[in-house]
>>> print(open('model-v8.txt').read())   # compact mmCIF, C-alpha atoms
# COMPACT_ATOMS: atom_id res chain seq x y z
CA MET A 30 -1.94 1.11 -26.21
CA LYS A 31 0.52 -1.72 -25.74
CA LEU A 32 -0.08 -3.06 -22.29
CA GLY A 33 2.53 -4.85 -20.23
CA TYR A 34 1.79 -6.73 -17.02
CA TYR A 35 4.13 -6.36 -14.07
CA PRO A 36 3.37 -9.16 -11.57
CA GLY A 37 5.71 -8.45 -8.65
CA CYS A 38 7.14 -11.00 -6.21
CA THR A 39 4.16 -11.87 -4.07
CA LEU A 40 1.74 -12.59 -6.90
CA LYS A 41 4.07 -15.27 -8.22
CA THR A 42 4.34 -16.95 -4.83
CA LYS A 43 1.94 -16.44 -1.93
CA ALA A 44 -0.77 -14.45 -3.70
CA ALA A 45 -1.61 -16.73 -6.63
CA ASN A 46 -5.22 -16.08 -5.63
CA LEU A 47 -4.73 -12.42 -6.55
CA GLU A 48 -3.10 -13.09 -9.91
CA LYS A 49 -4.76 -16.09 -11.56
CA ALA A 50 -8.32 -14.80 -11.67
CA ALA A 51 -7.11 -11.35 -12.65
CA MET A 52 -5.28 -12.48 -15.75
CA ALA A 53 -7.98 -14.96 -16.76
CA SER A 54 -10.51 -12.13 -16.43
CA LEU A 55 -8.50 -9.86 -18.71
CA ASP A 56 -8.41 -12.64 -21.31
CA HIS A 57 -12.14 -13.16 -20.87
CA LEU A 58 -12.84 -9.43 -21.28
CA GLY A 59 -10.68 -9.27 -24.40
CA VAL A 60 -8.02 -6.98 -22.97
CA GLU A 61 -4.71 -7.71 -24.64
CA TYR A 62 -1.59 -7.63 -22.50
CA LYS A 63 1.87 -9.08 -22.41
CA GLU A 64 3.48 -10.22 -19.19
CA LEU A 65 6.93 -8.67 -18.88
CA SER A 66 9.49 -11.34 -19.66
CA ARG A 67 11.97 -9.85 -17.20
CA TRP A 68 11.34 -7.91 -14.01
CA ASN A 69 12.62 -7.51 -10.46
CA CYS A 70 11.23 -6.60 -7.05
CA CYS A 71 9.78 -3.07 -7.05
CA GLY A 72 11.16 -2.34 -3.59
CA ALA A 73 7.70 -2.59 -1.97
CA VAL A 74 7.90 0.83 -0.31
CA PHE A 75 8.68 4.14 -1.99
CA SER A 76 11.73 5.80 -0.55
CA LEU A 77 10.75 9.02 1.21
CA THR A 78 14.23 10.38 1.82
CA ASP A 79 15.37 12.92 -0.75
CA ASP A 80 18.98 11.75 -0.96
CA ASP A 81 18.13 8.04 -1.13
CA LEU A 82 18.20 7.54 -4.89
CA ILE A 83 19.60 4.01 -4.75
CA HIS A 84 16.17 2.71 -3.73
CA GLN A 85 14.65 4.24 -6.87
CA VAL A 86 16.84 2.03 -9.04
CA ALA A 87 14.71 -1.12 -8.59
CA PRO A 88 11.36 0.40 -9.60
CA VAL A 89 12.89 2.43 -12.44
CA ARG A 90 14.61 -0.68 -13.83
CA ASN A 91 11.18 -2.30 -14.12
CA LEU A 92 9.91 0.69 -16.05
CA ILE A 93 12.93 0.43 -18.35
CA ARG A 94 12.14 -3.28 -18.87
CA ALA A 95 8.61 -2.30 -19.89
CA ALA A 96 9.91 0.34 -22.31
CA GLN A 97 12.35 -2.21 -23.78
CA GLU A 98 9.42 -4.52 -24.48
CA ASP A 99 7.70 -1.65 -26.30
CA CYS A 100 4.99 -1.27 -23.69
CA ASP A 101 3.58 2.22 -23.32
CA THR A 102 1.57 1.22 -20.25
CA ILE A 103 2.10 -1.33 -17.50
CA VAL A 104 -0.61 -2.67 -15.26
CA THR A 105 0.00 -3.94 -11.75
CA ILE A 106 -2.41 -5.57 -9.34
CA CYS A 107 -0.57 -5.45 -6.01
CA SER A 108 -1.25 -2.07 -4.39
CA GLN A 109 2.28 -1.70 -3.06
CA CYS A 110 3.85 -2.41 -6.45
CA TYR A 111 1.47 0.09 -8.02
CA ASN A 112 2.36 2.81 -5.51
CA THR A 113 6.11 2.23 -5.70
CA LEU A 114 6.27 2.08 -9.49
CA ALA A 115 3.91 5.01 -10.03
CA ARG A 116 5.76 7.24 -7.56
CA ALA A 117 9.17 6.34 -8.98
CA ASN A 118 7.83 7.10 -12.44
CA LYS A 119 6.59 10.48 -11.28
CA LEU A 120 9.94 11.23 -9.69
CA VAL A 121 11.74 10.46 -12.96
CA ARG A 122 9.31 12.63 -14.89
CA ASP A 123 9.36 15.59 -12.53
CA ASP A 124 12.93 15.81 -11.25
CA GLU A 125 15.43 16.34 -14.02
CA GLU A 126 18.47 16.21 -11.76
CA LYS A 127 17.49 12.92 -10.12
CA ARG A 128 16.50 11.45 -13.49
CA ASP A 129 19.93 12.32 -14.83
CA THR A 130 21.68 10.80 -11.81
CA LEU A 131 19.64 7.59 -12.09
CA ASN A 132 20.29 7.30 -15.81
CA ARG A 133 24.00 7.81 -15.35
CA PHE A 134 24.10 5.29 -12.50
CA MET A 135 22.35 2.70 -14.70
CA ASP A 136 24.60 3.40 -17.64
CA GLU A 137 24.19 -0.14 -18.96
CA GLU A 138 20.46 0.55 -19.44
CA PRO A 139 18.79 2.77 -22.02
CA ASP A 140 17.93 6.21 -20.64
CA TYR A 141 14.48 6.49 -19.15
CA ALA A 142 12.45 9.66 -18.73
CA GLY A 143 9.03 8.40 -17.65
CA GLU A 144 7.71 7.29 -21.04
CA VAL A 145 5.74 4.36 -19.62
CA GLU A 146 2.39 4.88 -17.90
CA VAL A 147 1.76 2.89 -14.70
CA VAL A 148 -1.85 1.92 -14.06
CA HIS A 149 -3.56 -0.22 -11.47
CA TYR A 150 -5.78 -3.09 -12.59
CA LEU A 151 -8.88 -1.38 -11.18
CA SER A 152 -8.17 1.75 -13.22
CA LEU A 153 -7.76 -0.42 -16.30
CA LEU A 154 -11.14 -2.05 -15.66
CA ARG A 155 -12.83 1.30 -15.12
CA ASP A 156 -11.14 3.27 -17.90
CA GLN A 157 -10.56 0.70 -20.61
CA VAL A 158 -13.31 -1.86 -20.09
CA GLY A 159 -15.81 0.37 -18.28
CA TRP A 160 -18.35 -0.60 -15.64
CA GLU A 161 -21.14 -0.91 -18.20
CA LYS A 162 -19.26 -3.43 -20.32
CA LEU A 163 -18.16 -5.27 -17.23
CA ARG A 164 -21.76 -5.46 -16.04
CA GLU A 165 -22.75 -6.93 -19.41
CA ALA A 166 -19.95 -9.51 -19.19
CA VAL A 167 -21.08 -10.72 -15.77
CA THR A 168 -22.86 -14.05 -16.17
CA ASN A 169 -22.94 -14.97 -12.49
CA PRO A 170 -24.06 -11.77 -10.75
CA LEU A 171 -23.26 -11.64 -7.05
CA ASP A 172 -26.83 -10.80 -6.07
CA GLY A 173 -27.38 -10.33 -2.38
CA LEU A 174 -23.70 -10.20 -1.47
CA LYS A 175 -22.83 -7.16 0.61
CA VAL A 176 -19.18 -6.35 0.15
CA ALA A 177 -16.99 -3.95 2.15
CA PRO A 178 -14.42 -2.32 -0.16
CA PHE A 179 -10.98 -1.97 1.40
CA TYR A 180 -8.67 0.42 -0.43
CA GLY A 181 -6.03 0.66 2.29
CA CYS A 182 -3.38 3.32 1.82
CA THR A 183 -1.30 2.78 -1.25
CA LEU A 184 -4.05 2.87 -3.89
CA VAL A 185 -5.31 6.25 -2.77
CA ARG A 186 -2.39 8.09 -1.17
CA PRO A 187 -0.52 10.23 -1.85
CA GLU A 188 -2.89 12.11 -4.11
CA GLU A 189 -0.42 12.30 -7.00
CA VAL A 190 -0.76 8.55 -7.62
CA ALA A 191 -4.28 7.97 -6.26
CA ILE A 192 -6.34 5.72 -8.53
CA ASP A 193 -9.46 7.42 -7.29
CA GLY A 194 -10.67 10.81 -6.10
CA VAL A 195 -12.69 11.26 -2.94
CA ASP A 196 -15.96 11.35 -4.85
CA GLN A 197 -15.32 8.57 -7.35
CA GLU A 198 -15.33 5.34 -5.37
CA ILE A 199 -13.76 2.97 -7.87
CA LEU A 200 -14.13 -0.18 -5.73
CA GLU A 201 -17.77 0.62 -5.07
CA GLY A 202 -18.31 0.94 -8.84
CA PHE A 203 -16.54 -2.37 -9.32
CA ILE A 204 -18.65 -4.13 -6.69
CA ALA A 205 -21.86 -2.78 -8.18
CA ALA A 206 -20.80 -3.89 -11.67
CA LEU A 207 -20.47 -7.46 -10.37
CA GLY A 208 -24.06 -7.29 -9.16
CA ALA A 209 -23.08 -7.13 -5.48
CA GLU A 210 -23.90 -4.39 -3.01
CA PRO A 211 -21.09 -2.12 -1.76
CA ALA A 212 -21.23 -1.66 2.00
CA THR A 213 -20.73 1.72 3.62
CA PHE A 214 -17.44 0.99 5.31
CA SER A 215 -15.82 3.58 7.55
CA ALA A 216 -12.35 2.02 7.48
CA ALA A 217 -12.19 1.68 3.68
CA ARG A 218 -9.18 3.97 3.29
CA GLU A 219 -7.39 3.27 6.56
CA CYS A 220 -4.11 1.54 7.29
CA CYS A 221 -4.37 -2.26 7.79
CA GLY A 222 -1.31 -2.31 10.06
CA SER A 223 1.03 -2.83 7.11
CA TYR A 224 4.49 -4.26 7.88
CA GLN A 225 3.99 -3.41 11.55
CA MET A 226 2.41 -6.87 11.73
CA ILE A 227 5.97 -8.19 11.28
CA ALA A 228 7.90 -5.51 13.15
CA HIS A 229 5.47 -4.83 16.02
CA PRO A 230 2.87 -7.62 15.91
CA GLU A 231 0.75 -6.41 18.84
CA GLU A 232 0.36 -2.93 17.40
CA GLY A 233 -0.23 -4.40 13.95
CA MET A 234 -3.00 -6.62 15.35
CA ASN A 235 -4.61 -3.65 17.12
CA ARG A 236 -4.74 -1.75 13.86
CA ALA A 237 -6.16 -4.71 11.93
CA ALA A 238 -8.77 -5.12 14.70
CA LYS A 239 -10.07 -1.62 14.02
CA VAL A 240 -10.53 -2.39 10.34
CA ILE A 241 -12.25 -5.71 11.05
CA GLY A 242 -14.46 -4.01 13.66
CA ALA A 243 -15.55 -1.45 11.06
CA ALA A 244 -16.24 -4.27 8.58
CA ASN A 245 -18.43 -5.95 11.23
CA ARG A 246 -20.33 -2.72 11.83
CA SER A 247 -20.89 -2.27 8.10
CA GLU A 248 -22.74 -5.63 8.19
CA ALA A 249 -20.85 -6.72 5.09
CA ASP A 250 -20.80 -10.41 4.15
CA ALA A 251 -17.26 -10.06 2.86
CA LEU A 252 -14.27 -7.76 2.69
CA ILE A 253 -12.39 -7.23 -0.59
CA LEU A 254 -8.74 -6.28 -0.90
CA SER A 255 -6.18 -5.61 -3.59
CA CYS A 256 -2.97 -5.95 -1.60
CA PRO A 257 -1.20 -9.07 -0.28
CA MET A 258 -0.03 -7.06 2.74
CA CYS A 259 -3.63 -6.17 3.62
CA GLU A 260 -4.66 -9.77 2.97
CA TYR A 261 -2.07 -11.06 5.40
CA ASN A 262 -3.14 -8.64 8.14
CA LEU A 263 -6.89 -8.81 7.63
CA GLY A 264 -7.27 -12.31 6.18
CA THR A 265 -4.49 -14.73 7.13
CA ARG A 266 -4.11 -13.24 10.61
CA GLN A 267 -7.81 -12.54 11.11
CA GLY A 268 -8.32 -15.52 13.43
CA ASP A 269 -5.61 -14.25 15.78
CA VAL A 270 -6.90 -10.68 15.58
CA VAL A 271 -10.49 -11.67 16.35
CA ALA A 272 -9.37 -13.96 19.20
CA ALA A 273 -7.33 -11.17 20.78
CA HIS A 274 -10.04 -8.49 20.66
CA ASP A 275 -13.47 -8.60 22.28
CA GLY A 276 -16.54 -8.00 20.18
CA LEU A 277 -15.11 -8.87 16.79
CA SER A 278 -16.44 -11.53 14.48
CA ARG A 279 -14.94 -13.17 11.43
CA VAL A 280 -15.61 -11.84 7.95
CA PRO A 281 -14.48 -13.69 4.82
CA THR A 282 -11.84 -11.84 2.78
CA TYR A 283 -11.23 -12.05 -0.96
CA TYR A 284 -9.00 -10.35 -3.42
CA PHE A 285 -11.22 -8.24 -5.66
CA THR A 286 -9.98 -10.24 -8.64
CA GLN A 287 -11.39 -13.46 -7.20
CA LEU A 288 -14.91 -12.05 -7.03
CA LEU A 289 -14.39 -10.72 -10.55
CA GLY A 290 -13.52 -14.21 -11.76
CA VAL A 291 -16.53 -15.74 -9.99
CA ALA A 292 -18.91 -13.09 -11.39
CA LEU A 293 -17.57 -13.58 -14.91
CA GLY A 294 -18.35 -17.26 -14.52
CA LEU A 295 -14.73 -18.40 -14.83
CA ASP A 296 -13.76 -21.83 -13.59
CA SER A 297 -13.76 -21.31 -9.83
CA GLU A 298 -10.56 -23.35 -9.47
CA LEU A 299 -8.84 -20.52 -11.33
CA CYS A 300 -9.87 -18.16 -8.56
CA ARG A 301 -7.80 -20.16 -6.07
CA LEU A 302 -10.36 -19.79 -3.30
CA ASP A 303 -8.59 -22.68 -1.56
CA LEU A 304 -5.96 -20.13 -0.50
CA ASN A 305 -8.56 -17.98 1.31
CA GLY A 306 -9.64 -20.51 3.89
CA PRO A 307 -12.88 -22.46 4.24
CA ALA A 308 -15.16 -19.56 5.29
CA ALA A 309 -14.51 -17.70 2.04
CA GLN A 310 -15.45 -20.75 -0.01
CA GLU A 311 -18.48 -21.60 2.12
CA LEU A 312 -19.97 -18.12 1.74
CA LEU A 313 -19.83 -18.34 -2.06
CA VAL A 314 -21.29 -21.87 -1.99
CA ASP A 315 -24.08 -20.77 0.38
CA LYS A 316 -24.92 -17.88 -1.92
CA LYS A 317 -24.86 -20.36 -4.85
CA PHE A 318 -22.20 -18.39 -6.73
CA ILE A 319 -19.99 -21.45 -6.99
CA ALA A 320 -20.82 -25.14 -6.88
CA ALA A 321 -19.87 -27.03 -3.74
CA ALA A 322 -18.29 -29.78 -5.84
CA THR A 323 -15.60 -27.46 -7.16
CA VAL A 324 -14.45 -26.43 -3.69
CA MET B 13 15.70 47.44 16.40
CA ALA B 14 16.90 44.68 18.68
CA SER B 15 16.91 41.31 16.97
CA ILE B 16 14.88 38.49 18.46
CA PRO B 17 17.22 35.67 19.51
CA SER B 18 16.61 32.38 17.70
CA PRO B 19 14.83 29.86 19.92
CA ILE B 20 17.01 27.14 18.42
CA HIS B 21 20.20 26.32 20.27
CA PRO B 22 23.11 26.83 17.84
CA GLU B 23 24.20 23.21 18.31
CA ASN B 24 20.77 22.05 17.24
CA LEU B 25 20.70 24.07 14.03
CA LYS B 26 22.69 21.38 12.26
CA ALA B 27 20.05 18.81 13.13
CA VAL B 28 17.23 21.05 11.90
CA ASN B 29 19.04 21.50 8.62
CA LYS B 30 19.72 17.78 8.27
CA ILE B 31 16.03 16.94 8.68
CA ALA B 32 15.18 19.60 6.09
CA GLU B 33 17.79 18.20 3.71
CA LEU B 34 16.65 14.58 4.00
CA SER B 35 12.91 15.24 4.02
CA GLY B 36 12.63 18.30 1.81
CA GLN B 37 10.16 19.58 4.42
CA ASN B 38 10.22 22.73 6.51
CA VAL B 39 9.03 21.76 10.00
CA HIS B 40 8.71 25.44 10.88
CA GLU B 41 5.65 25.62 8.67
CA CYS B 42 3.83 23.47 11.24
CA MET B 43 1.41 25.51 13.34
CA GLN B 44 0.85 22.73 15.89
CA CYS B 45 -2.82 22.12 15.14
CA GLY B 46 -2.45 18.40 15.90
CA THR B 47 -4.49 17.18 12.93
CA CYS B 48 -1.72 14.73 11.95
CA SER B 49 -1.93 13.12 15.40
CA ALA B 50 -5.72 13.02 15.33
CA VAL B 51 -5.74 11.00 12.10
CA CYS B 52 -2.62 8.90 12.73
CA PRO B 53 -3.52 5.19 12.91
CA MET B 54 -0.39 4.33 14.90
CA VAL B 55 -0.23 7.29 17.29
CA GLU B 56 -1.27 5.20 20.29
CA SER B 57 1.91 3.15 19.95
CA MET B 58 4.24 6.14 19.82
CA GLY B 59 5.88 7.63 22.91
CA PHE B 60 4.18 10.92 22.14
CA THR B 61 2.16 12.37 19.29
CA THR B 62 3.38 13.33 15.83
CA ARG B 63 2.48 16.94 16.65
CA MET B 64 4.87 16.85 19.59
CA GLY B 65 7.46 15.15 17.42
CA ILE B 66 7.33 18.03 14.94
CA HIS B 67 7.49 20.51 17.83
CA TYR B 68 10.71 18.93 19.13
CA LEU B 69 12.14 18.99 15.62
CA GLN B 70 11.33 22.68 15.28
CA PHE B 71 13.87 23.16 18.05
CA GLY B 72 16.31 20.66 16.58
CA GLU B 73 15.66 18.15 19.37
CA ILE B 74 15.94 14.82 17.56
CA GLU B 75 16.78 12.47 20.45
CA PRO B 76 13.34 12.64 22.13
CA VAL B 77 11.69 11.92 18.76
CA ILE B 78 13.91 8.87 18.26
CA LYS B 79 13.08 7.66 21.78
CA ALA B 80 9.35 8.11 21.13
CA GLN B 81 9.76 5.71 18.14
CA ILE B 82 7.58 7.87 15.91
CA GLY B 83 9.60 6.98 12.83
CA GLU B 84 9.48 3.31 13.72
CA TYR B 85 5.72 3.18 14.10
CA CYS B 86 4.85 5.42 11.15
CA ALA B 87 3.89 3.03 8.34
CA SER B 88 3.71 5.87 5.79
CA CYS B 89 -0.05 5.57 5.28
CA HIS B 90 -0.03 9.25 4.29
CA THR B 91 -3.35 10.03 5.98
CA CYS B 92 -1.71 13.00 7.72
CA VAL B 93 -0.38 14.29 4.39
CA VAL B 94 -3.92 14.48 3.06
CA ARG B 95 -5.13 16.32 6.14
CA CYS B 96 -2.25 18.67 7.02
CA PRO B 97 -3.53 22.24 6.55
CA ARG B 98 0.06 23.44 6.08
CA GLY B 99 0.91 20.94 3.35
CA ILE B 100 3.70 19.24 5.28
CA ASP B 101 4.64 15.73 4.18
CA VAL B 102 4.80 14.40 7.74
CA PRO B 103 5.92 10.81 6.86
CA LYS B 104 8.92 12.32 5.07
CA VAL B 105 9.87 14.19 8.23
CA PHE B 106 9.78 11.06 10.39
CA GLU B 107 11.41 8.96 7.67
CA ALA B 108 14.31 11.42 7.90
CA VAL B 109 14.51 10.82 11.67
CA ARG B 110 14.46 7.06 11.12
CA GLN B 111 17.13 7.33 8.43
CA LEU B 112 19.39 9.24 10.81
CA VAL B 113 19.17 6.24 13.16
CA LEU B 114 19.60 3.59 10.44
CA ARG B 115 22.60 5.44 9.05
CA THR B 116 24.47 4.86 12.29
CA ASN B 117 24.37 1.16 11.32
CA THR B 118 21.57 0.49 13.79
CA ASP B 119 18.83 -2.04 13.04
CA LEU B 120 15.41 -1.32 14.49
CA ILE B 121 14.32 -4.94 14.29
CA LYS B 122 16.15 -8.24 14.49
CA PRO B 123 15.19 -10.30 11.44
CA GLN B 124 16.43 -13.47 13.13
CA GLU B 125 13.75 -13.03 15.80
CA ILE B 126 10.82 -13.11 13.37
CA PRO B 127 8.81 -16.25 14.26
CA LYS B 128 9.03 -19.17 11.85
CA ASP B 129 5.29 -19.28 11.18
CA THR B 130 5.36 -15.60 10.26
CA MET B 131 8.24 -16.31 7.87
CA ALA B 132 6.20 -19.09 6.30
CA GLU B 133 2.91 -17.21 6.00
CA ALA B 134 3.63 -13.53 5.44
CA PRO B 135 3.88 -12.19 1.89
CA GLN B 136 7.20 -11.17 0.35
CA ILE B 137 6.24 -7.50 0.31
CA ALA B 138 5.84 -7.61 4.10
CA PHE B 139 9.47 -8.61 4.55
CA VAL B 140 10.81 -6.28 1.90
CA SER B 141 8.89 -3.39 3.50
CA THR B 142 10.03 -4.27 7.01
CA PHE B 143 13.68 -4.62 6.08
CA ARG B 144 13.62 -1.52 3.89
CA LYS B 145 12.11 0.58 6.65
CA LEU B 146 13.72 -0.83 9.76
CA THR B 147 17.13 -2.25 8.99
CA SER B 148 20.33 -0.46 8.11
>>> encode(input="model-v8.txt", output="structure tokens")
Amino acid sequence: MKLGYYPGCTLKTKAANLEKAAMASLDHLGVEYKELSRWNCCGAVFSLTDDDLIHQVAPVRNLIRAAQEDCDTIVTICSQCYNTLARANKLVRDDEEKRDTLNRFMDEEPDYAGEVEVVHYLSLLRDQVGWEKLREAVTNPLDGLKVAPFYGCTLVRPEEVAIDGVDQEILEGFIAALGAEPATFSAARECCGSYQMIAHPEEGMNRAAKVIGAANRSEADALILSCPMCEYNLGTRQGDVVAAHDGLSRVPTYYFTQLLGVALGLDSELCRLDLNGPAAQELLVDKKFIAAATV
Amino acid sequence: MASIPSPIHPENLKAVNKIAELSGQNVHECMQCGTCSAVCPMVESMGFTTRMGIHYLQFGEIEPVIKAQIGEYCASCHTCVVRCPRGIDVPKVFEAVRQLVLRTNTDLIKPQEIPKDTMAEAPQIAFVSTFRKLTS
């Protein structure tokens, strides 16, 4: 397998805390990959209208870039990028007429027929590294940390691109491999409010409040995410959400890759915990997973 | 045998066909069980439920569905797709309704009204998603 890495816009700007620890962890685990030298925005949302092929051009171009760099597989970390690229890839594979139209529209590009496989980082960890090997690589087990796994929507729906079946629980397996305890979390696969936080902030906050309320009820010490959109709604905006809704309390949020980096014993500065706010750092210091001096 | 008259007003047939063309979904397969509304995370914000939205569309009545802002509030979480016993891709149906609005050169949000602190803090994918879904 020749693995390419597609970062996407947000990981190179506001979600450095999602990317840095992830890539350092792959190096640490001995997974070889090559970051794509050229890529563009994936489009963030998959177009659901049958005649709207123009919005498939952006994700398909990225897949062409991967093929041009001889990658047979690309890994993404952002859930929205994963969903958009994987669905566009499936469309190209399954619909001959649309594939032909797209290829003719992009006549300056080599033809593409779905040769590249799109995988999410969690699938790569599970299927290529394996939970057992990951467990062995953990030098700083997150003992006593109860973690609520938040999948959100785009990692698990629609079924055709889901990274996980209903009975598999990939994030729970990941949390357990790090030595932490997965919490039973009723809102694990619910909507975080998505872009409604921008378009309709009050409704977006109400939705986020339900997820945070479920995290509180699960008695988790922390909530882990894999999507910058979810992080904005449930992390960055959490103070506003908690203030606007009775009965909620704060819960530190992390990208799953940050806890991976901490458990693998990577330099905690790499994990960019400074971007998660003080509560997230304090929890890890209190639990003695990271040294206070590095915060 | 006397034929049963279609419940759809002839003028509305065009709208029914347009939704089918854009979404690839047949709203007449819906049996009105309401499961989509029961699982919808945004249903409280809509003017009426997704079940009612589909019911209006079965009769080619698009205007009430636009007014109820179902397409605007649907964030395509696809929970209803997983649960629909009739296999209808409900977000595709309401995306089609939203597209019919956007294609009249109508924006459903005003980007210039997004607060500055939101612009500074929110991730890029939030803006791309918002503009993709809600601007023409």
>>> residues_near_point(input="model-v8.txt", point="(-6.9, -1.5, -13.9)", cutoff="10 Å", atoms="only C-alpha atoms", output="MDAnalysis selection string")
chainID A and resid 51 55 103:106 147:158 192
>>> atom_distance(input="model-v8.txt", atom1="CA of Ser255 (chain A)", atom2="CA of Tyr283 (chain A)")
8.6 Å
>>> interface_residues(input="model-v8.txt", of="chain B", to="chain A", cutoff="7 Å", atoms="only C-alpha atoms", output="ChimeraX atom specification")
/B:34-36,53,57,87,89-90,104,107-108,121,134-138,140-142
>>> residues_near_point(input="model-v8.txt", point="(-14.3, -5.4, 1.1)", cutoff="6 Å", atoms="only C-alpha atoms", output="compact mmCIF listing (two decimals) with C-alpha atoms, keeping the file's coordinate frame")
# COMPACT_ATOMS: atom_id res chain seq x y z
CA VAL A 176 -19.18 -6.35 0.15
CA ALA A 177 -16.99 -3.95 2.15
CA PRO A 178 -14.42 -2.32 -0.16
CA PHE A 179 -10.98 -1.97 1.40
CA ALA A 251 -17.26 -10.06 2.86
CA LEU A 252 -14.27 -7.76 2.69
CA ILE A 253 -12.39 -7.23 -0.59
CA LEU A 254 -8.74 -6.28 -0.90
>>> atom_distance(input="model-v8.txt", atom1="CA of Ser88 (chain B)", atom2="CA of Ile241 (chain A)")
20.4 Å
>>> atom_distance(input="model-v8.txt", atom1="CA of Ser297 (chain A)", atom2="CA of Leu163 (chain A)")
18.2 Å
>>> residues_around(input="model-v8.txt", residues="region 42-49 of chain B", least_positions_apart="4", cutoff="9 Å", atoms="only C-alpha atoms", output="JSON, numbers by chain")
{"B": [38, 53, 54, 55, 61, 62, 63, 64, 66, 67, 70, 91, 92, 93, 95, 96, 97, 98, 99, 100, 102]}
>>> residues_around(input="model-v8.txt", residues="Glu144 (chain A)", least_positions_apart="3", cutoff="9 Å", atoms="all atoms listed in the file", output="PyMOL selection string")
chain A and resi 92+96+101-102+118+122+141
